[in-house]
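Here is the structure we will look at.
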Amino acid sequence: MRLFLLTYLLLLSAGSIYAQNSNNYLEVNTNTGLNFTCNDPSDLENDQTISGALTVRVRSRNNSCGVYAKISSFIGPPGFSTTTYPIQLDYTSTNSNRANGINTNPITLTTTNQLLFQQLSSNSVFSYYYNLILKAPGYTYPLGHYNFVILFTMTQP
Amino acid sequence: MRYVAIILFLTVSLSAKAQPKSFNGSTSGNIDIFSVLNLNFTNLTGVVSFNTPNDYFNGITVNNAATISVKSNVSWQVSITAQSANFMPMSMGASADMPSTVLGIRRNGTSTFLPMSVTSQTLKTGNKGGATTSGNTFDIDTRLDPGFGYNGGSYNIGVVFTLTQQ
């Protein structure tokens with residue numbers, strides 16, 4: 001009986017890993033450094049865009065899915081405090097023929113998930129391409145180094 | 001057999017409480033904001049001419065001689081300094097000893113002219129912000145009062161406006 005129990009748990013675990021990694025997954029590729037520098041009035045007064053910054057690759061074989069993004073961390077220098085963040089994702093294109101409901105407007109990221117797109121189930125891996133935009137920070141941000149983390153989440157029903 | 005029943009029961013229970021599946025990926029980036037200080041001049045007044053005795057008796061004041069705009073993401077100050085202790089004679093016969101103090105500069109709306117010298121003097125301070133931020137765009141007035149002690153001619157002097165962080 002112990003052998004049966006061990007075998008059962010092993011198979012259950014292996015099956016779960018295979019399902020998440022092979023048939024259904026989300027991959028975020030950074031195509032260039034996601035670094036912004038502000039050292040000139042025009043940098044503070046105008047948006048800066050990193051073209052082709054990100055590729056979101058999705059395989060959702062078992063079911064349809066929705067892909068969301070949010071700011072999971074935004075750390076600034078002493079004196080920095082805000083509830084709004086100057087980071088936008090701007091959809092540019094996809095090779096998906098199973099996409100559904102793509103948000104084509106620039107999305108100002110917050111700490112709450114916002115829908116980027118939905119995709120119907122498919123065996124194929126599809127790519128979605130995004131620019132990254134730093135909205136004009138203006139003259140009020142404290143000087144220093146800021147680090148942000150964008151979390152992408154693919155959810156299946 | 002009893003174990004099998006328990007395991008099957010647990011499996012069914014887990015399935016009944018299945019949550020939406022979620023997969024994550026993340027990326028990170030950086031923003032570096034450096035000190036930005038920008039000074040811009042517009043509406044500069046040209047040559048000031050002394051044509052009548054009254055010009056020499058009273059001196060000549062030019063209100064709104066220039067507009068200065070500051071863009072800065074730090075608290076700032078504008079200082080002024082004469083490039084030389086004396087005006088530079090630019091024509092034959094002009095005096096070489098007319099001091100820089102003949103020229104005075106003030107912020108429009110204030111009363112006292114700062115006599116120019118090679119020592120830096122603070123013209124204005126302000127808070128961080130763009131050109132439209134209150135106090136970041138202002139006019140200056142100039143005053144020239146040489147009296148009768150110097151020869152007629154053309155004169156020139158450089159004035160340096162320096163924008164620094166407070």
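Residue names in the structure tokens use chain letters A, B, ... in the order shown, residue numbers from 1 in each chain, and ligand numbers from 1 in the order shown.
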
If you run DSSP on the backbone here, which positions in chain B get strand (DSSP E)? Please write them as a ChimeraX atom specification. /B:21-33,37-42,60-72,76-82,88-89,103-107,114-115,121-126,137-144,155-156,159-165

Could you list, as a compact mmCIF listing (two decimals) with C-alpha atoms, in the first residue's frame, every residue of chain A that has an atom within 9 Å of an atom of chain B, counting only C-alpha atoms?
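Contents of iface_14.txt, as written:
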# COMPACT_ATOMS: atom_id res chain seq x y z
CA MET A 1 0.00 0.00 0.00
CA PHE A 4 1.01 2.43 -4.23
CA LEU A 5 0.71 5.67 -2.29
CA GLN A 20 2.17 23.82 -16.59
CA ASN A 24 0.36 26.20 -20.92
CA TYR A 25 2.85 28.85 -20.14
CA LEU A 26 3.66 32.51 -20.19
CA GLU A 27 7.08 33.81 -21.11
CA VAL A 28 8.25 37.42 -20.98
CA ASN A 29 11.26 38.30 -23.10
CA THR A 30 13.08 41.57 -22.71
CA GLY A 33 17.53 47.10 -21.58
CA LEU A 34 14.49 48.63 -19.93
CA ASN A 35 16.38 51.67 -18.72
CA PHE A 36 15.30 55.28 -18.87
CA THR A 37 17.53 58.26 -18.19
CA CYS A 38 16.35 61.79 -17.46
CA ASN A 39 19.12 64.37 -17.64
CA ASP A 40 17.61 67.04 -19.86
CA PRO A 41 14.44 69.16 -19.71
CA LEU A 44 11.30 65.38 -18.06
CA GLU A 45 8.71 67.08 -20.27
CA LEU A 54 8.97 43.33 -24.61
CA VAL A 56 5.03 38.21 -24.28
CA ALA A 69 0.02 43.11 -16.21
CA SER A 72 4.54 44.54 -8.53
CA SER A 73 7.34 46.72 -7.23
CA GLY A 76 12.55 55.04 -5.57
CA LEU A 134 8.02 56.30 -19.52
CA GLY A 138 7.98 66.30 -14.84
CA TYR A 139 10.11 68.20 -12.38
CA THR A 140 8.79 66.85 -9.09
CA TYR A 141 10.31 63.37 -8.87
CA PRO A 142 13.23 63.22 -6.43
CA LEU A 143 16.62 62.75 -8.02
CA GLY A 144 17.98 59.25 -7.97
CA HIS A 145 17.57 55.69 -9.07
CA TYR A 146 14.23 53.98 -9.48
CA ASN A 147 13.58 50.30 -10.06
CA PHE A 148 10.31 48.80 -11.18
CA VAL A 149 9.08 45.27 -11.70
CA ILE A 150 6.23 44.42 -14.07
CA LEU A 151 4.38 41.21 -13.32
CA PHE A 152 2.52 39.45 -16.13
CA THR A 153 -0.11 36.90 -15.26
CA MET A 154 -1.83 34.45 -17.56
CA THR A 155 -5.07 33.13 -16.14
CA GLN A 156 -7.14 30.25 -17.40
CA PRO A 157 -10.69 29.70 -16.19

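Candidate residues A:Ile133, A:Ile87, A:Ala99, A:Val67 were compared for distance to Gln114 in chain A, and the nearest is A:Val67, using only C-alpha atoms.
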
One decimal, Å: what's the distance from CA of Thr125 in chain B over to CA of Asn63 in chain B, could you say?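 Atom-to-atom, CA of Thr125 in chain B to CA of Asn63 in chain B, that is 20.1 Å.
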
Would you mind listing what lies within 7 Å of Leu123 in chain B as a list in words, with only C-alpha atoms counted and same-chain residues fewer than 6 positions away left out?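 Residues near the query, excluding close chain neighbours: Val78, Ser79, Ile80 and Arg107 of chain B.
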
Kindly indicate which residue among B:Thr119, B:Phe87, B:Gln77, B:Leu144 lies nearest to Val62 in chain B, using only C-alpha atoms for the distances.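 Under the stated criterion, the closest residue is B:Leu144.
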
Using only C-alpha atoms, determine which residues lie at most 7 Å from Gly126 in chain B, disregarding the query and same-chain residues fewer than 4 positions distant; provide the list as a count of residues only. 5

For the alpha helix (DSSP H) assignment from backbone DSSP, which residues of range 11-139 of chain A qualify? Please present them as a ChimeraX atom specification. /A:11-18,41-45

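For the choices A:Arg61, A:Asn105, A:Pro137, A:Gln118, the atom-to-atom distance to Thr82 in chain A is smallest for A:Pro137 when using only C-alpha atoms.
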
Mind checking which residues fall within 6 Å of Met116 in chain B, counting only C-alpha atoms, ignoring those fewer than 6 positions away in the same chain, and posting them as a ChimeraX atom specification? /B:82,100-101,103-104

Distance CA of Tyr56 in chain B-CA of Thr42 in chain B, one decimal place?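 Rounded to one decimal, the two atoms are 28.0 Å apart.
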
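Distances from B:Lys124, B:Asn54, B:Met88, B:Ser95 to Gln165 in chain B were compared using only C-alpha atoms, and the smallest one belongs to B:Lys124.
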
Between A:Gln48, A:Val58, A:Lys135, A:Ile107, which is the closest to Lys70 in chain A once you count only C-alpha atoms?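 That would be A:Ile107, the residue with the smallest distance to Lys70 in chain A.
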
So how far away is CA of Ser51 in chain A from CA of Asn97 in chain A, in Å?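 For CA of Asn97 in chain A relative to CA of Ser51 in chain A, the distance reads 22.9 Å.
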